[in-house]
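Engineer: This is the content of work03.cif (mmCIF, N, CA and C atoms):
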data_model
#
loop_
_atom_site.label_atom_id
_atom_site.label_comp_id
_atom_site.auth_asym_id
_atom_site.auth_seq_id
_atom_site.Cartn_x
_atom_site.Cartn_y
_atom_site.Cartn_z
N MET A 9 30.32 7.82 16.00
CA MET A 9 29.01 8.43 16.13
C MET A 9 28.01 7.37 16.55
N GLN A 10 27.19 7.71 17.48
CA GLN A 10 26.13 6.82 17.93
C GLN A 10 24.79 7.32 17.40
N LEU A 11 23.92 6.39 17.12
CA LEU A 11 22.56 6.74 16.73
C LEU A 11 21.61 6.25 17.80
N GLU A 12 20.69 7.11 18.18
CA GLU A 12 19.67 6.71 19.14
C GLU A 12 18.74 5.72 18.48
N ARG A 13 18.18 4.86 19.31
CA ARG A 13 17.21 3.89 18.79
C ARG A 13 16.06 4.61 18.09
N ASP A 14 15.58 5.71 18.69
CA ASP A 14 14.52 6.51 18.08
C ASP A 14 15.16 7.58 17.20
N SER A 15 15.14 7.35 15.91
CA SER A 15 15.73 8.28 14.94
C SER A 15 14.70 8.61 13.87
N LYS A 16 15.15 9.25 12.81
CA LYS A 16 14.26 9.60 11.70
C LYS A 16 14.84 9.09 10.38
N LEU A 17 13.94 8.75 9.47
CA LEU A 17 14.30 8.35 8.11
C LEU A 17 13.68 9.36 7.15
N LEU A 18 14.53 10.03 6.40
CA LEU A 18 14.09 10.99 5.39
C LEU A 18 14.25 10.32 4.04
N ARG A 19 13.19 10.33 3.25
CA ARG A 19 13.25 9.77 1.89
C ARG A 19 12.96 10.88 0.89
N ILE A 20 13.83 10.98 -0.10
CA ILE A 20 13.67 11.99 -1.15
C ILE A 20 13.57 11.26 -2.48
N PHE A 21 12.42 11.37 -3.12
CA PHE A 21 12.15 10.72 -4.40
C PHE A 21 12.37 11.74 -5.50
N ILE A 22 13.31 11.46 -6.40
CA ILE A 22 13.62 12.35 -7.51
C ILE A 22 13.84 11.51 -8.77
N GLY A 23 14.20 12.17 -9.86
CA GLY A 23 14.51 11.47 -11.10
C GLY A 23 16.01 11.36 -11.32
N GLU A 24 16.41 10.34 -12.01
CA GLU A 24 17.82 10.09 -12.28
C GLU A 24 18.49 11.22 -13.04
N LEU A 25 17.74 11.91 -13.88
CA LEU A 25 18.31 12.97 -14.71
C LEU A 25 18.30 14.34 -14.04
N ASP A 26 17.73 14.46 -12.86
CA ASP A 26 17.69 15.74 -12.16
C ASP A 26 19.12 16.18 -11.81
N LYS A 27 19.42 17.44 -12.06
CA LYS A 27 20.78 17.97 -11.87
C LYS A 27 20.81 19.12 -10.88
N SER A 28 21.96 19.26 -10.24
CA SER A 28 22.24 20.38 -9.36
C SER A 28 23.63 20.89 -9.72
N HIS A 29 23.69 22.05 -10.33
CA HIS A 29 24.96 22.65 -10.75
C HIS A 29 25.78 21.69 -11.62
N GLY A 30 25.09 21.02 -12.55
CA GLY A 30 25.76 20.17 -13.52
C GLY A 30 26.05 18.75 -13.08
N LYS A 31 25.79 18.42 -11.82
CA LYS A 31 26.01 17.05 -11.37
C LYS A 31 24.68 16.46 -10.91
N PRO A 32 24.60 15.14 -10.83
CA PRO A 32 23.32 14.54 -10.43
C PRO A 32 22.84 15.07 -9.08
N LEU A 33 21.55 15.35 -8.98
CA LEU A 33 20.97 15.87 -7.75
C LEU A 33 21.15 14.88 -6.60
N TYR A 34 21.02 13.58 -6.89
CA TYR A 34 21.20 12.59 -5.82
C TYR A 34 22.61 12.66 -5.23
N GLU A 35 23.59 12.94 -6.08
CA GLU A 35 24.97 13.08 -5.60
C GLU A 35 25.11 14.33 -4.74
N ALA A 36 24.52 15.42 -5.19
CA ALA A 36 24.57 16.68 -4.43
C ALA A 36 23.91 16.50 -3.06
N LEU A 37 22.81 15.75 -3.01
CA LEU A 37 22.12 15.52 -1.74
C LEU A 37 22.98 14.70 -0.78
N VAL A 38 23.62 13.65 -1.29
CA VAL A 38 24.46 12.80 -0.43
C VAL A 38 25.69 13.58 0.05
N LEU A 39 26.31 14.35 -0.84
CA LEU A 39 27.47 15.13 -0.43
C LEU A 39 27.09 16.20 0.59
N ALA A 40 25.91 16.79 0.43
CA ALA A 40 25.43 17.77 1.40
C ALA A 40 25.14 17.09 2.74
N ALA A 41 24.62 15.89 2.72
CA ALA A 41 24.37 15.14 3.96
C ALA A 41 25.70 14.86 4.66
N LYS A 42 26.70 14.45 3.91
CA LYS A 42 28.02 14.19 4.49
C LYS A 42 28.59 15.47 5.10
N LYS A 43 28.48 16.58 4.37
CA LYS A 43 28.99 17.87 4.85
C LYS A 43 28.29 18.30 6.14
N ASN A 44 27.01 17.91 6.29
CA ASN A 44 26.23 18.27 7.47
C ASN A 44 26.31 17.20 8.56
N ASN A 45 27.28 16.30 8.43
CA ASN A 45 27.52 15.25 9.44
C ASN A 45 26.31 14.37 9.72
N ILE A 46 25.56 14.06 8.68
CA ILE A 46 24.44 13.13 8.81
C ILE A 46 25.01 11.72 8.97
N ALA A 47 24.38 10.91 9.80
CA ALA A 47 24.88 9.57 10.11
C ALA A 47 24.99 8.67 8.89
N GLY A 48 24.02 8.74 7.98
CA GLY A 48 24.08 7.87 6.81
C GLY A 48 23.14 8.30 5.71
N ALA A 49 23.55 8.03 4.47
CA ALA A 49 22.72 8.33 3.30
C ALA A 49 22.95 7.23 2.26
N THR A 50 21.89 6.82 1.60
CA THR A 50 21.96 5.78 0.57
C THR A 50 21.11 6.22 -0.62
N VAL A 51 21.61 5.94 -1.82
CA VAL A 51 20.86 6.21 -3.03
C VAL A 51 20.41 4.88 -3.62
N VAL A 52 19.12 4.78 -3.91
CA VAL A 52 18.54 3.57 -4.48
C VAL A 52 17.94 3.94 -5.83
N ARG A 53 18.27 3.15 -6.84
CA ARG A 53 17.74 3.37 -8.19
C ARG A 53 16.60 2.39 -8.44
N GLY A 54 15.45 2.93 -8.80
CA GLY A 54 14.28 2.09 -9.04
C GLY A 54 14.20 1.61 -10.48
N ILE A 55 13.31 0.66 -10.72
CA ILE A 55 13.13 0.14 -12.08
C ILE A 55 11.78 0.51 -12.68
N LEU A 56 10.86 0.99 -11.84
CA LEU A 56 9.55 1.36 -12.33
C LEU A 56 8.91 2.32 -11.34
N SER A 57 8.32 3.41 -11.85
CA SER A 57 7.65 4.36 -10.96
C SER A 57 6.72 5.27 -11.73
N TYR A 58 5.90 5.99 -10.97
CA TYR A 58 5.18 7.15 -11.48
C TYR A 58 4.91 8.04 -10.28
N GLY A 59 4.65 9.29 -10.54
CA GLY A 59 4.42 10.24 -9.45
C GLY A 59 3.35 11.23 -9.81
N ALA A 60 3.57 12.48 -9.43
CA ALA A 60 2.57 13.53 -9.60
C ALA A 60 2.18 13.74 -11.07
N SER A 61 3.12 13.51 -11.99
CA SER A 61 2.82 13.70 -13.41
C SER A 61 2.06 12.51 -14.01
N SER A 62 1.98 11.40 -13.29
CA SER A 62 1.37 10.15 -13.73
C SER A 62 2.10 9.52 -14.92
N ARG A 63 3.29 10.01 -15.23
CA ARG A 63 4.09 9.44 -16.32
C ARG A 63 4.87 8.24 -15.78
N ILE A 64 4.81 7.13 -16.49
CA ILE A 64 5.52 5.91 -16.08
C ILE A 64 6.99 6.03 -16.46
N HIS A 65 7.87 5.73 -15.50
CA HIS A 65 9.31 5.66 -15.73
C HIS A 65 9.69 4.19 -15.58
N SER A 66 10.35 3.62 -16.59
CA SER A 66 10.60 2.19 -16.58
C SER A 66 12.00 1.87 -17.07
N ALA A 67 12.54 0.75 -16.60
CA ALA A 67 13.87 0.28 -17.01
C ALA A 67 13.78 -0.83 -18.04
N LYS A 68 12.62 -1.04 -18.65
CA LYS A 68 12.47 -2.09 -19.65
C LYS A 68 13.39 -1.81 -20.83
N LEU A 69 13.94 -2.85 -21.41
CA LEU A 69 14.90 -2.70 -22.50
C LEU A 69 14.33 -1.95 -23.70
N LEU A 70 13.08 -2.17 -24.03
CA LEU A 70 12.49 -1.52 -25.19
C LEU A 70 11.96 -0.14 -24.89
N ASP A 71 11.96 0.24 -23.63
CA ASP A 71 11.46 1.54 -23.22
C ASP A 71 12.58 2.58 -23.34
N LEU A 72 12.26 3.76 -23.76
CA LEU A 72 13.26 4.81 -23.92
C LEU A 72 13.33 5.73 -22.70
N SER A 73 12.69 5.36 -21.61
CA SER A 73 12.71 6.17 -20.41
C SER A 73 14.00 5.95 -19.64
N PHE A 74 14.90 6.94 -19.70
CA PHE A 74 16.16 6.83 -18.98
C PHE A 74 16.10 7.59 -17.66
N ASP A 75 15.03 8.33 -17.43
CA ASP A 75 14.90 9.10 -16.20
C ASP A 75 14.26 8.21 -15.13
N LEU A 76 15.02 7.24 -14.67
CA LEU A 76 14.51 6.27 -13.71
C LEU A 76 14.37 6.90 -12.32
N PRO A 77 13.54 6.28 -11.49
CA PRO A 77 13.34 6.82 -10.14
C PRO A 77 14.57 6.64 -9.27
N ILE A 78 14.83 7.64 -8.47
CA ILE A 78 15.93 7.62 -7.50
C ILE A 78 15.33 7.94 -6.13
N VAL A 79 15.73 7.18 -5.13
CA VAL A 79 15.33 7.46 -3.75
C VAL A 79 16.60 7.67 -2.94
N VAL A 80 16.69 8.83 -2.31
CA VAL A 80 17.81 9.12 -1.41
C VAL A 80 17.25 8.93 0.00
N GLU A 81 17.85 8.00 0.74
CA GLU A 81 17.42 7.74 2.12
C GLU A 81 18.47 8.26 3.09
N ILE A 82 18.01 8.98 4.09
CA ILE A 82 18.90 9.61 5.06
C ILE A 82 18.40 9.28 6.46
N VAL A 83 19.31 8.83 7.33
CA VAL A 83 18.95 8.46 8.70
C VAL A 83 19.85 9.19 9.69
N ASP A 84 19.21 9.76 10.71
CA ASP A 84 19.96 10.38 11.80
C ASP A 84 18.98 10.77 12.90
N HIS A 85 19.49 11.47 13.92
CA HIS A 85 18.65 11.99 14.99
C HIS A 85 17.62 12.94 14.40
N ASN A 86 16.50 13.07 15.06
CA ASN A 86 15.41 13.91 14.59
C ASN A 86 15.87 15.34 14.29
N ASP A 87 16.60 15.96 15.21
CA ASP A 87 17.00 17.36 15.01
C ASP A 87 17.92 17.54 13.82
N LYS A 88 18.81 16.58 13.59
CA LYS A 88 19.72 16.69 12.44
C LYS A 88 18.99 16.48 11.12
N VAL A 89 18.03 15.57 11.11
CA VAL A 89 17.24 15.35 9.89
C VAL A 89 16.37 16.56 9.60
N GLU A 90 15.75 17.11 10.63
CA GLU A 90 14.92 18.31 10.44
C GLU A 90 15.76 19.46 9.88
N ALA A 91 16.97 19.65 10.40
CA ALA A 91 17.85 20.72 9.92
C ALA A 91 18.28 20.45 8.48
N PHE A 92 18.55 19.19 8.16
CA PHE A 92 18.98 18.85 6.80
C PHE A 92 17.85 19.03 5.79
N LEU A 93 16.63 18.91 6.23
CA LEU A 93 15.49 19.08 5.34
C LEU A 93 15.52 20.43 4.65
N GLU A 94 15.95 21.46 5.34
CA GLU A 94 16.07 22.79 4.73
C GLU A 94 17.12 22.79 3.62
N VAL A 95 18.24 22.12 3.83
CA VAL A 95 19.30 22.01 2.82
C VAL A 95 18.77 21.26 1.61
N ALA A 96 18.08 20.14 1.85
CA ALA A 96 17.53 19.34 0.75
C ALA A 96 16.51 20.13 -0.06
N ASN A 97 15.62 20.84 0.63
CA ASN A 97 14.61 21.65 -0.05
C ASN A 97 15.27 22.69 -0.96
N LYS A 98 16.32 23.32 -0.46
CA LYS A 98 17.02 24.34 -1.24
C LYS A 98 17.64 23.73 -2.50
N LEU A 99 18.29 22.59 -2.36
CA LEU A 99 18.90 21.92 -3.53
C LEU A 99 17.85 21.53 -4.56
N ILE A 100 16.72 21.02 -4.09
CA ILE A 100 15.65 20.60 -4.99
C ILE A 100 15.03 21.80 -5.68
N GLU A 101 14.80 22.88 -4.94
CA GLU A 101 14.25 24.11 -5.53
C GLU A 101 15.19 24.67 -6.59
N GLU A 102 16.49 24.71 -6.28
CA GLU A 102 17.47 25.21 -7.24
C GLU A 102 17.52 24.35 -8.49
N ALA A 103 17.31 23.05 -8.34
CA ALA A 103 17.33 22.13 -9.49
C ALA A 103 16.08 22.29 -10.34
N GLY A 104 15.01 22.82 -9.75
CA GLY A 104 13.77 23.04 -10.49
C GLY A 104 13.10 21.76 -10.93
N CYS A 105 13.25 20.71 -10.15
CA CYS A 105 12.68 19.41 -10.54
C CYS A 105 11.51 19.06 -9.64
N GLY A 106 10.78 18.04 -10.04
CA GLY A 106 9.73 17.50 -9.20
C GLY A 106 10.36 16.58 -8.16
N ALA A 107 9.73 16.48 -7.02
CA ALA A 107 10.26 15.61 -5.97
C ALA A 107 9.14 15.28 -4.99
N LEU A 108 9.37 14.24 -4.22
CA LEU A 108 8.51 13.88 -3.11
C LEU A 108 9.44 13.63 -1.93
N ILE A 109 9.12 14.24 -0.80
CA ILE A 109 9.93 14.05 0.40
C ILE A 109 9.01 13.51 1.49
N THR A 110 9.45 12.42 2.13
CA THR A 110 8.70 11.86 3.25
C THR A 110 9.64 11.71 4.44
N MET A 111 9.05 11.70 5.63
CA MET A 111 9.84 11.50 6.84
C MET A 111 9.05 10.57 7.75
N GLU A 112 9.76 9.66 8.38
CA GLU A 112 9.10 8.75 9.29
C GLU A 112 10.03 8.37 10.43
N LYS A 113 9.44 7.82 11.46
CA LYS A 113 10.23 7.33 12.58
C LYS A 113 11.04 6.14 12.11
N ALA A 114 12.25 6.05 12.61
CA ALA A 114 13.11 4.90 12.31
C ALA A 114 13.63 4.34 13.62
N GLU A 115 13.49 3.07 13.83
CA GLU A 115 14.04 2.42 15.01
C GLU A 115 15.38 1.83 14.61
N VAL A 116 16.45 2.45 15.07
CA VAL A 116 17.80 2.00 14.73
C VAL A 116 18.15 0.82 15.63
N ILE A 117 18.40 -0.31 15.03
CA ILE A 117 18.72 -1.53 15.76
C ILE A 117 20.23 -1.69 15.88
N TYR A 118 20.94 -1.36 14.81
CA TYR A 118 22.39 -1.57 14.78
C TYR A 118 23.02 -0.51 13.91
N TYR A 119 24.04 0.16 14.41
CA TYR A 119 24.78 1.16 13.63
C TYR A 119 26.22 1.16 14.11
N LYS A 120 27.08 0.56 13.32
CA LYS A 120 28.48 0.42 13.71
C LYS A 120 29.33 0.28 12.45
N SER A 121 30.45 0.99 12.42
CA SER A 121 31.35 0.86 11.27
C SER A 121 32.25 -0.37 11.45
N ARG A 122 32.91 -0.76 10.41
CA ARG A 122 33.81 -1.92 10.47
C ARG A 122 34.99 -1.64 11.39
N LYS A 123 35.38 -0.38 11.52
CA LYS A 123 36.55 0.00 12.31
C LYS A 123 36.30 -0.10 13.81
N GLN A 124 35.04 -0.01 14.23
CA GLN A 124 34.72 0.03 15.66
C GLN A 124 34.83 -1.34 16.29
#
Do you think you could lay out the structure here as structure tokens?
Structural biologist:
Amino acid sequence: MQLERDSKLLRIFIGELDKSHGKPLYEALVLAAKKNNIAGATVVRGILSYGASSRIHSAKLLDLSFDLPIVVEIVDHNDKVEAFLEVANKLIEEAGCGALITMEKAEVIYYKSRKQ
């Protein structure tokens, strides 16, 4: 698969404890991206955040906040990312959780698997 230099980056900000049909929402999002032939998806776990609720989520040892921030990043052609946005919205709505979704231009410099 080739990626055009002009692509899109979709970022989905959710909580670590958010679930979709009993499994982590971030996992459901990545598996859905794979099923939809998205070029790439990465899950990043944060150590400190706050969002619309203004509640601080932290990874400090003495803090009892285990619902750490998760960012799912997805990169592909504009049309594929736009189409996947509907899938992501549906998963998030079904999970009933708070989320933030952003999209921006991504300039792909290098995209190649080890096998190529």
Engineer: For this structure, which residues satisfy the selection - the PyMOL selection byres (((chain A and resi 93-106 and name CA) around 7) and name CA) - when it is evaluated on the file as given? I want them as a list of chain:residue names.
Structural biologist: A:Ile22, A:Asp26, A:Lys27, A:Ser28, A:Leu37, A:Val89, A:Glu90, A:Ala91, A:Phe92, A:Ala107
Engineer: Please evaluate the PyMOL selection byres ((chain A and resi 74-80) around 6) against the structure above and give the resulting residues as a VMD selection string.
Structural biologist: chain A and resid 18 to 25 50 to 57 65 to 66 72 to 73 81 to 82
Engineer: Report, in Å to a single decimal, how far apart atom N of A:Val83 and atom C of A:Ile64 are.
Structural biologist: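 Between these atoms lies a distance of 26.9 Å.
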Engineer: What is the distance, in Å and to one decimal place, between atom C of A:Tyr119 and atom CA of A:Arg13?
Structural biologist: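 That distance, rounded to one decimal, is 10.5 Å.
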Engineer: I'd like to know which of A:Ile117, A:Ala47, A:Met9, A:Ala36 is closest to A:Asp84, using only N, CA and C atoms.
Structural biologist: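 The closest residue to A:Asp84 is A:Ala47.
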Engineer: Under the rule that only C-alpha atoms are counted, which of A:Leu17, A:Leu11, A:His29, A:Lys88 is the nearest residue to A:Asn45?
Structural biologist: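 Comparing A:Leu17, A:Leu11, A:His29, A:Lys88 against A:Asn45, the winner is A:Lys88.
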Engineer: Just list the residues in chain A DSSP gives strand (DSSP E) on the backbone, as a PyMOL selection string.
Structural biologist: chain A and resi 14-23+27-28+31-32+48-53+56-57+65-66+77-84+108-115
Engineer: Which of chain A counts as alpha helix (DSSP H) under DSSP, as an NGL selection string please?
Structural biologist: :A and (33-43 or 86-103)
Engineer: Using only C-alpha atoms, which of the listed residues (A:Glu35, A:Asn44, A:Val116, A:Leu108) sits closest to A:Asp14?
Structural biologist: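 That would be A:Val116, the residue with the smallest distance to A:Asp14.
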Engineer: Please compute the atom C of A:Arg63-atom N of A:Val38 distance, one decimal, in Å.
Structural biologist: 24.3 Å
Engineer: Pick the closest to A:Asn86 from A:Lys31, A:Ser15, A:Met111, A:Ala41: which is it, counting only N, CA and C atoms?
Structural biologist: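 The answer is A:Ser15, which sits nearest to A:Asn86.
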